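Below is run-v3.txt, holding compact mmCIF, C-alpha atoms and all ligand atoms.
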# COMPACT_ATOMS: atom_id res chain seq x y z
CA MET A 5 4.67 -1.05 10.90
CA LEU A 6 6.68 -1.68 14.03
CA ILE A 7 10.23 -0.62 14.52
CA ARG A 8 12.47 -2.92 16.46
CA ARG A 9 12.90 -0.58 19.38
CA VAL A 10 9.28 -1.29 20.33
CA PRO A 11 9.36 -4.97 21.28
CA ASP A 12 5.69 -5.73 21.68
CA PRO A 13 4.71 -8.96 19.98
CA GLY A 14 1.27 -8.94 21.55
CA TRP A 15 0.22 -5.53 20.28
CA SER A 16 -1.95 -6.87 17.50
CA ASP A 17 -4.32 -8.33 20.08
CA VAL A 18 -5.19 -4.82 21.18
CA THR A 19 -8.17 -3.04 19.64
CA PRO A 20 -6.68 -0.51 17.22
CA ASN A 21 -6.79 3.01 18.60
CA ALA A 22 -8.69 4.33 15.59
CA GLN A 23 -11.39 1.77 16.23
CA TYR A 24 -11.57 2.58 19.94
CA VAL A 25 -11.55 6.35 19.63
CA ARG A 26 -14.21 6.52 16.95
CA ARG A 27 -16.82 4.15 18.34
CA ARG A 28 -19.49 5.90 16.29
CA GLU A 29 -17.68 4.97 13.07
CA PHE A 30 -17.31 1.44 14.39
CA ILE A 31 -21.07 1.21 14.78
CA ARG A 32 -21.57 2.82 11.38
CA ALA A 33 -19.23 0.20 9.88
CA ALA A 34 -21.87 -2.39 10.61
CA ALA A 35 -24.20 -0.53 8.25
CA VAL A 36 -21.61 -0.20 5.47
CA PRO A 37 -22.12 -3.66 3.93
CA LEU A 38 -25.73 -2.73 3.29
CA VAL A 39 -24.88 0.68 1.81
CA ALA A 40 -22.00 -0.68 -0.25
CA GLY A 41 -24.01 -3.65 -1.43
CA VAL A 42 -27.00 -1.64 -2.58
CA ALA A 43 -24.99 1.28 -3.92
CA GLY A 44 -22.55 -1.11 -5.60
CA CYS A 45 -25.36 -2.48 -7.77
CA LEU A 46 -26.14 1.06 -8.81
CA GLY A 47 -22.49 1.83 -9.48
CA LEU A 48 -22.39 4.30 -6.60
CA ALA A 49 -20.32 2.49 -4.00
CA SER A 50 -17.46 4.98 -3.91
CA ASP A 51 -19.47 8.14 -4.34
CA ALA A 52 -21.74 7.19 -1.48
CA GLU A 53 -18.86 7.04 0.98
CA ALA A 54 -16.47 9.75 -0.23
CA GLN A 55 -16.06 12.34 2.51
CA GLY A 56 -12.76 14.01 1.86
CA GLY A 57 -14.04 16.89 -0.25
CA LEU A 58 -11.09 16.34 -2.59
CA ALA A 59 -11.31 16.54 -6.39
CA LYS A 60 -13.50 13.82 -7.90
CA LEU A 61 -12.03 11.45 -10.47
CA ALA A 62 -13.67 9.89 -13.53
CA PHE A 63 -13.14 6.15 -13.55
CA LYS A 64 -14.56 2.83 -14.66
CA ARG A 65 -15.15 -0.13 -12.40
CA SER A 66 -12.74 -3.03 -12.78
CA ALA A 67 -13.75 -6.67 -12.78
CA LEU A 68 -10.58 -7.34 -10.76
CA SER A 69 -12.24 -5.86 -7.66
CA ALA A 70 -13.07 -7.79 -4.48
CA THR A 71 -16.72 -6.83 -4.73
CA ASP A 72 -17.89 -9.29 -2.07
CA GLU A 73 -16.15 -7.32 0.68
CA SER A 74 -17.51 -4.46 2.79
CA LEU A 75 -15.54 -1.27 2.33
CA THR A 76 -13.56 0.08 5.27
CA PRO A 77 -15.05 3.49 6.14
CA TYR A 78 -13.32 6.48 4.54
CA GLY A 79 -12.60 7.89 8.00
CA ASP A 80 -10.49 4.87 8.94
CA VAL A 81 -8.76 4.59 5.57
CA THR A 82 -7.57 8.19 5.92
CA THR A 83 -6.74 8.45 9.63
CA TYR A 84 -5.24 5.04 10.50
CA ASN A 85 -2.11 5.14 8.37
CA ASN A 86 1.50 4.18 8.10
CA PHE A 87 3.59 6.88 6.45
CA PHE A 88 6.74 7.24 8.51
CA GLU A 89 7.82 10.37 6.65
CA PHE A 90 5.15 12.06 8.80
CA GLY A 91 5.77 10.21 12.07
CA THR A 92 5.31 6.74 13.46
CA ASP A 93 1.90 7.01 15.18
CA LYS A 94 -1.14 5.85 13.25
CA ASP A 95 -2.66 9.34 13.32
CA SER A 96 0.59 11.19 12.49
CA PRO A 97 0.08 11.07 8.69
CA SER A 98 -3.44 12.54 8.82
CA ARG A 99 -2.28 15.19 11.31
CA PHE A 100 0.91 16.25 9.58
CA ALA A 101 0.71 15.37 5.88
CA SER A 102 -0.92 18.67 4.91
CA SER A 103 2.66 19.97 4.45
CA LEU A 104 3.11 17.63 1.46
CA ARG A 105 2.68 19.41 -1.89
CA PRO A 106 1.41 16.84 -4.44
CA ARG A 107 1.46 19.40 -7.30
CA PRO A 108 3.62 20.20 -9.17
CA TRP A 109 5.07 16.67 -9.01
CA THR A 110 7.53 14.96 -11.30
CA VAL A 111 8.08 11.23 -11.64
CA THR A 112 11.36 10.03 -13.13
CA ILE A 113 11.33 6.71 -14.99
CA ASP A 114 14.83 5.53 -15.75
CA GLY A 115 17.38 2.74 -15.57
CA ALA A 116 17.14 -0.17 -18.00
CA VAL A 117 14.51 1.37 -20.29
CA LYS A 118 14.48 2.69 -23.84
CA LYS A 119 11.88 5.38 -23.22
CA GLY A 120 12.51 6.87 -19.81
CA GLY A 121 12.25 10.49 -18.81
CA GLN A 122 10.81 12.93 -16.33
CA PHE A 123 7.05 13.25 -16.40
CA ALA A 124 4.68 15.70 -14.75
CA ILE A 125 2.28 13.49 -12.81
CA ASP A 126 -0.77 14.60 -14.79
CA ASP A 127 0.97 13.92 -18.13
CA LEU A 128 2.02 10.49 -16.93
CA ILE A 129 -1.52 9.48 -16.03
CA LYS A 130 -3.51 11.32 -18.73
CA PRO A 131 -3.25 8.67 -21.49
CA TYR A 132 -4.97 6.04 -19.32
CA GLN A 133 -8.53 5.29 -18.30
CA LEU A 134 -8.62 5.29 -14.50
CA GLU A 135 -10.04 2.15 -12.91
CA GLU A 136 -11.57 1.48 -9.55
CA ARG A 137 -10.07 -1.57 -7.85
CA VAL A 138 -11.52 -2.64 -4.54
CA TYR A 139 -8.66 -4.47 -2.84
CA ARG A 140 -7.91 -5.95 0.54
CA LEU A 141 -4.84 -4.35 2.14
CA ARG A 142 -3.17 -6.53 4.79
CA CYS A 143 -0.59 -4.79 6.94
CA VAL A 144 2.30 -6.86 8.28
CA GLU A 145 1.27 -5.64 11.74
CA GLY A 146 -1.92 -7.74 11.65
CA TRP A 147 -4.69 -5.36 10.61
CA SER A 148 -6.42 -5.10 7.28
CA MET A 149 -8.77 -2.85 5.32
CA VAL A 150 -10.79 -2.99 2.11
CA ILE A 151 -10.17 0.08 -0.01
CA PRO A 152 -11.69 1.26 -3.29
CA TRP A 153 -8.54 2.50 -5.01
CA ILE A 154 -8.54 4.49 -8.24
CA GLY A 155 -5.53 3.91 -10.45
CA ILE A 156 -3.97 2.40 -13.52
CA PRO A 157 -2.18 -0.90 -14.06
CA LEU A 158 1.50 -0.52 -13.16
CA GLY A 159 2.27 -2.79 -16.12
CA ASP A 160 0.98 -0.15 -18.56
CA ILE A 161 3.51 2.41 -17.30
CA VAL A 162 6.37 -0.12 -17.19
CA ARG A 163 5.68 -1.45 -20.70
CA LYS A 164 5.43 2.05 -22.14
CA ALA A 165 8.98 2.75 -20.91
CA GLU A 166 10.16 -0.26 -22.96
CA PRO A 167 12.37 -2.19 -20.53
CA THR A 168 15.64 -3.48 -21.99
CA PRO A 169 16.74 -7.12 -21.52
CA GLN A 170 18.78 -6.01 -18.47
CA ALA A 171 15.60 -5.04 -16.60
CA ARG A 172 14.76 -7.76 -14.08
CA PHE A 173 13.34 -5.72 -11.20
CA VAL A 174 11.51 -2.45 -10.65
CA GLU A 175 12.65 -0.14 -7.86
CA PHE A 176 10.36 2.58 -6.47
CA ILE A 177 11.54 5.60 -4.49
CA THR A 178 9.54 8.05 -2.35
CA LEU A 179 10.14 11.79 -2.09
CA ASN A 180 12.69 12.64 0.60
CA ASP A 181 12.14 16.26 1.57
CA PRO A 182 12.52 17.31 5.22
CA GLU A 183 10.74 20.55 4.47
CA GLN A 184 7.54 18.77 3.38
CA MET A 185 8.02 15.62 5.45
CA PRO A 186 8.88 16.33 9.09
CA GLY A 187 9.36 12.62 9.87
CA VAL A 188 12.47 12.26 7.69
CA ARG A 189 14.41 14.43 10.14
CA ARG A 190 14.35 11.33 12.36
CA ARG A 191 16.16 8.14 11.41
CA SER A 192 13.15 5.87 11.97
CA LEU A 193 14.09 4.43 8.55
CA ASP A 194 16.93 4.96 6.12
CA TRP A 195 15.42 7.62 3.80
CA PRO A 196 14.25 7.76 1.10
CA TYR A 197 11.70 4.97 1.44
CA VAL A 198 12.46 2.35 -1.23
CA GLU A 199 10.58 -0.73 -2.43
CA GLY A 200 10.98 -3.21 -5.23
CA LEU A 201 9.20 -5.84 -7.29
CA ARG A 202 10.34 -8.49 -9.70
CA LEU A 203 9.56 -7.40 -13.27
CA ASP A 204 6.92 -10.09 -13.73
CA GLU A 205 5.25 -9.05 -10.47
CA ALA A 206 5.19 -5.45 -11.67
CA LEU A 207 3.59 -6.56 -14.93
CA HIS A 208 0.87 -8.56 -13.17
CA PRO A 209 -2.57 -7.03 -13.86
CA LEU A 210 -3.41 -6.78 -10.13
CA ALA A 211 -0.53 -4.37 -9.40
CA ILE A 212 -1.61 -0.77 -9.77
CA LEU A 213 -0.36 2.75 -9.35
CA ALA A 214 -3.08 4.54 -7.41
CA VAL A 215 -3.94 8.22 -7.74
CA GLY A 216 -7.16 8.14 -5.73
CA LEU A 217 -9.51 6.31 -3.41
CA TYR A 218 -13.24 6.45 -2.79
CA GLY A 219 -13.67 8.26 -6.13
CA GLU A 220 -11.48 11.21 -5.12
CA VAL A 221 -7.81 12.10 -5.50
CA LEU A 222 -5.53 10.47 -2.94
CA PRO A 223 -5.36 12.25 0.41
CA ASN A 224 -1.75 13.18 1.23
CA GLN A 225 -1.63 10.70 4.10
CA ASN A 226 -2.42 7.85 1.69
CA GLY A 227 0.50 8.66 -0.58
CA ALA A 228 -0.48 11.51 -2.89
CA PRO A 229 -0.11 11.97 -5.71
CA LEU A 230 1.02 8.47 -6.76
CA ARG A 231 1.46 5.26 -4.77
CA LEU A 232 1.87 1.62 -5.49
CA VAL A 233 -0.79 -0.94 -4.50
CA VAL A 234 0.20 -4.62 -4.62
CA PRO A 235 -2.74 -6.37 -2.95
CA TRP A 236 -1.18 -9.82 -2.47
CA LYS A 237 1.79 -8.43 -0.51
CA TYR A 238 2.01 -6.92 2.96
CA GLY A 239 1.08 -3.24 2.96
CA PHE A 240 4.62 -1.95 3.32
CA LYS A 241 5.32 -2.93 -0.29
CA SER A 242 2.72 -0.33 -1.35
CA ILE A 243 5.13 2.59 -1.38
CA LYS A 244 3.67 6.11 -1.24
CA SER A 245 4.38 9.48 -2.88
CA ILE A 246 6.61 7.99 -5.58
CA VAL A 247 9.13 10.24 -7.37
CA ARG A 248 11.19 7.62 -9.19
CA ILE A 249 10.58 4.28 -10.89
CA ARG A 250 13.82 2.61 -11.89
CA LEU A 251 14.19 -0.59 -13.93
CA VAL A 252 17.22 -2.47 -12.62
CA GLU A 253 19.13 -5.69 -13.02
CA LYS A 254 19.86 -6.32 -9.33
CA GLN A 255 17.20 -7.10 -6.75
CA PRO A 256 16.41 -3.84 -4.92
CA VAL A 257 16.63 -3.67 -1.13
CA GLY A 258 13.46 -2.21 0.35
CA SER A 259 13.56 0.11 3.35
CA TRP A 260 12.12 -2.46 5.75
CA GLU A 261 14.35 -5.22 4.45
CA ARG A 262 17.34 -2.89 4.92
CA SER A 263 16.34 -2.02 8.48
CA GLN A 264 15.43 -5.58 9.62
CA PRO A 265 16.37 -8.26 7.06
CA SER A 266 15.41 -11.11 9.38
CA GLU A 267 11.86 -9.73 9.70
CA TYR A 268 11.03 -8.24 6.31
CA GLY A 269 12.07 -10.04 3.15
CA PHE A 270 12.08 -8.93 -0.46
CA TYR A 271 8.94 -10.89 -1.37
CA SER A 272 6.72 -9.99 1.57
CA ASN A 273 3.85 -12.01 0.14
CA VAL A 274 0.96 -12.34 2.57
CA ASN A 275 1.46 -15.84 3.94
CA PRO A 276 -0.42 -17.10 7.01
CA GLU A 277 1.97 -20.07 7.22
CA VAL A 278 5.10 -18.00 7.76
CA ASP A 279 5.07 -16.14 11.06
CA HIS A 280 6.78 -12.85 11.58
CA PRO A 281 9.62 -13.58 14.04
CA ARG A 282 7.73 -11.70 16.74
CA TRP A 283 4.07 -12.56 16.03
CA THR A 284 1.81 -14.87 14.09
CA GLN A 285 0.57 -13.96 10.63
CA ALA A 286 -2.25 -16.53 10.71
CA ARG A 287 -4.98 -14.05 11.66
CA GLU A 288 -5.81 -10.41 11.15
CA ARG A 289 -8.18 -7.79 12.45
CA ARG A 290 -10.21 -6.08 9.77
CA ILE A 291 -10.49 -2.46 10.87
CA GLY A 292 -14.08 -1.90 11.98
CA GLU A 293 -14.61 -5.51 13.05
CA PHE A 294 -14.34 -6.92 16.53
CA PHE A 295 -13.30 -10.52 15.95
CA LYS A 296 -10.17 -11.54 14.12
CA ARG A 297 -10.43 -13.46 10.88
CA LYS A 298 -8.11 -15.93 9.18
CA THR A 299 -5.48 -14.46 6.91
CA LEU A 300 -5.66 -15.92 3.42
CA MET A 301 -2.72 -17.08 1.33
CA PHE A 302 -1.54 -14.21 -0.87
CA ASN A 303 -4.22 -12.13 0.88
CA GLY A 304 -6.91 -14.05 -1.01
CA TYR A 305 -5.36 -13.51 -4.45
CA ALA A 306 -3.72 -16.97 -4.69
CA ASP A 307 -5.67 -17.97 -7.80
CA GLN A 308 -4.41 -14.94 -9.66
CA VAL A 309 -0.81 -14.69 -8.45
CA GLY A 310 0.17 -18.14 -7.14
CA SER A 311 1.79 -19.14 -10.43
CA LEU A 312 4.32 -16.29 -10.11
CA TYR A 313 5.94 -18.25 -7.29
CA THR A 314 5.90 -21.83 -8.57
CA GLY A 315 9.03 -23.60 -7.36
CA LEU A 316 10.01 -20.81 -4.96
CA ASP A 317 10.54 -21.80 -1.32
CA LEU A 318 8.11 -19.38 0.34
CA ARG A 319 9.62 -19.96 3.78
CA LYS A 320 13.05 -18.93 2.63
CA ASN A 321 11.75 -16.23 0.35
CA TYR A 322 9.44 -14.56 2.89
N1 LIG A 401 5.32 4.40 1.92
C1 LIG A 401 6.15 5.32 2.43
N2 LIG A 401 6.79 6.16 1.61
N3 LIG A 401 6.39 5.42 3.76
C2 LIG A 401 5.79 4.56 4.65
O1 LIG A 401 6.03 4.67 5.86
N4 LIG A 401 4.27 2.64 4.94
C3 LIG A 401 3.85 1.40 4.32
C4 LIG A 401 3.11 1.64 2.99
N5 LIG A 401 3.79 2.63 2.20
C5 LIG A 401 4.91 3.56 4.14
C6 LIG A 401 4.67 3.54 2.74
C7 LIG A 401 3.02 0.58 5.19
S1 LIG A 401 3.82 -0.16 6.50
C8 LIG A 401 1.70 0.35 4.96
S2 LIG A 401 0.84 -0.80 5.89
C9 LIG A 401 0.97 1.07 3.91
O2 LIG A 401 1.78 2.07 3.28
C10 LIG A 401 -0.23 1.74 4.53
O3 LIG A 401 -0.97 2.42 3.56
P1 LIG A 401 -2.23 3.29 4.03
O4 LIG A 401 -1.75 4.19 5.13
O5 LIG A 401 -2.70 4.05 2.83
O6 LIG A 401 -3.25 2.31 4.53
Here is the file; what I need is its structure written in the form of structure tokens.
Ligand code: MTE
Amino acid sequence: MLIRRVPDPGWSDVTPNAQYVRRREFIRAAAVPLVAGVAGCLGLASDAEAQGGLAKLAFKRSALSATDESLTPYGDVTTYNNFFEFGTDKDSPSRFASSLRPRPWTVTIDGAVKKGGQFAIDDLIKPYQLEERVYRLRCVEGWSMVIPWIGIPLGDIVRKAEPTPQARFVEFITLNDPEQMPGVRRRSLDWPYVEGLRLDEALHPLAILAVGLYGEVLPNQNGAPLRLVVPWKYGFKSIKSIVRIRLVEKQPVGSWERSQPSEYGFYSNVNPEVDHPRWTQARERRIGEFFKRKTLMFNGYADQVGSLYTGLDLRKNY
């Protein structure tokens, strides 16, 4: 994610630092399709690549996964991150997020709901069968990854809270604690980090709350203990380290929309036909690959989510 003070529209043509620095991983990435393909048949895709040494999770595979894609190596998924609460460089989250304490952790669900409350993270998740969802993540900056997330459908949590007729949107809020998150002492964004979805988007089966990746619990830098993943939207919608989920009547204003409304809209659907004011969105660089590839409408999920936006002017509602 770029902040306006860094006017560099051509940056996305540069080989990402993570890719340059770890050339060995880049070479290894070429072997991953083979490993993932073979292991995937055996149901071992995630286990084969997990390297974090974090607690393993029990999960089932979901048919909603993009199984035809090669996984981005664990090393890249966990060291090339955006998590401004820990700094603005790509390696800041992996360097500094060890100060985040993902347990004990409470999530508040409130607003226009009948059954809200404060829930310990493990109690919130316990009733559900965890699923593995392999999704493409497309960052607004022009890079993308393929990540085997572990999580539960966001819709299950929202429905359980029993939204009232006033509930039209869902607002998500990240922890804002300068003691655990050194980056919030700087005003790189207006803290806490906030994001929002329309209620029907939140109820769509593709939207998940993730608690893990590569078969293990989420590393802190990826948003432990609970983060949103909305695969058809630019990555900044996938808010990390969530402490509050609020059902609201008014459209929430996300942190990036608040900081630069002309650049980051509420919808933020991946759309190769609508350029960012400072760069094209037509192409992307998959981390671990050399050549750029075409960006797909709704990040390749158009068949599943296109109908949510029938009749909406996607140029105006970017
Ligand atoms: N959530 C919080 N709280 N703070 C952030 O800075 N960055 C967003 C999103 N969620 C961000 C966040 C952006 S810009 C992206 S691209 C994704 O997280 C990156 O997720 P990843 O680091 O797990 O790949």
What are the centre and edge lengths in Å, to one decimal, of the axis-aligned box around all listed atoms of ligand LIG 401 (chain A) with 6 Å added on each side, as AutoDock Vina command-line options?
--center_x 1.8 --center_y 2.7 --center_z 4.1 --size_x 22.0 --size_y 19.0 --size_z 16.9
| said: So that I can check the surroundings of segment 265-281 of chain A, please list as a ChimeraX atom specification every protein, DNA and RNA residue that reaches within 12 Å of it, counting all atoms listed in the file and ignoring chain neighbours fewer than 6 positions away. | reply: /A:5-8,11-13,140-146,148,173,175,198-202,205,234-242,255-259,287-288,297-306,309-310,312-313,316-322
| task | Please provide as a VMD selection string all residues within 6 Å of segment 245-250 of chain A, with the sequence filter that same-chain residues fewer than 3 positions apart are discarded (counting all atoms listed in the file). | result | chain A and resid 111 to 115 174 to 179 227 to 231
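Minimum atom-to-atom distance to ligand LIG 401 (chain A), evaluated using only C-alpha atoms and all ligand atoms, belongs to A:Val81 out of A:Val117, A:Leu68, A:Val81, A:Val162.
Taking all atoms listed in the file into account, ligand LIG 401 (chain A) lies nearest to A:Asn86 out of the set A:Asn86, A:Gln170, A:Ser98, A:Ser192.
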List the spatial neighbours of Ile156 of chain A as an mmCIF file with C-alpha atoms, in the frame of the given file - criterion: any atom at most 6 Å away, all atoms listed in the file, same-chain residues fewer than 6 positions off excluded.
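Output file result.cif follows:
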data_model
loop_
_atom_site.group_PDB
_atom_site.id
_atom_site.type_symbol
_atom_site.label_atom_id
_atom_site.label_comp_id
_atom_site.auth_asym_id
_atom_site.auth_seq_id
_atom_site.Cartn_x
_atom_site.Cartn_y
_atom_site.Cartn_z
ATOM 1 C CA LEU A 134 -8.620 5.290 -14.500
ATOM 2 C CA ILE A 212 -1.610 -0.770 -9.770
ATOM 3 C CA LEU A 213 -0.360 2.750 -9.350
#
| request: Can you work out the spacing between atom CA of Ser103 of chain A and atom CA of Gln55 of chain A in Å, to one decimal? | output: 20.3 Å
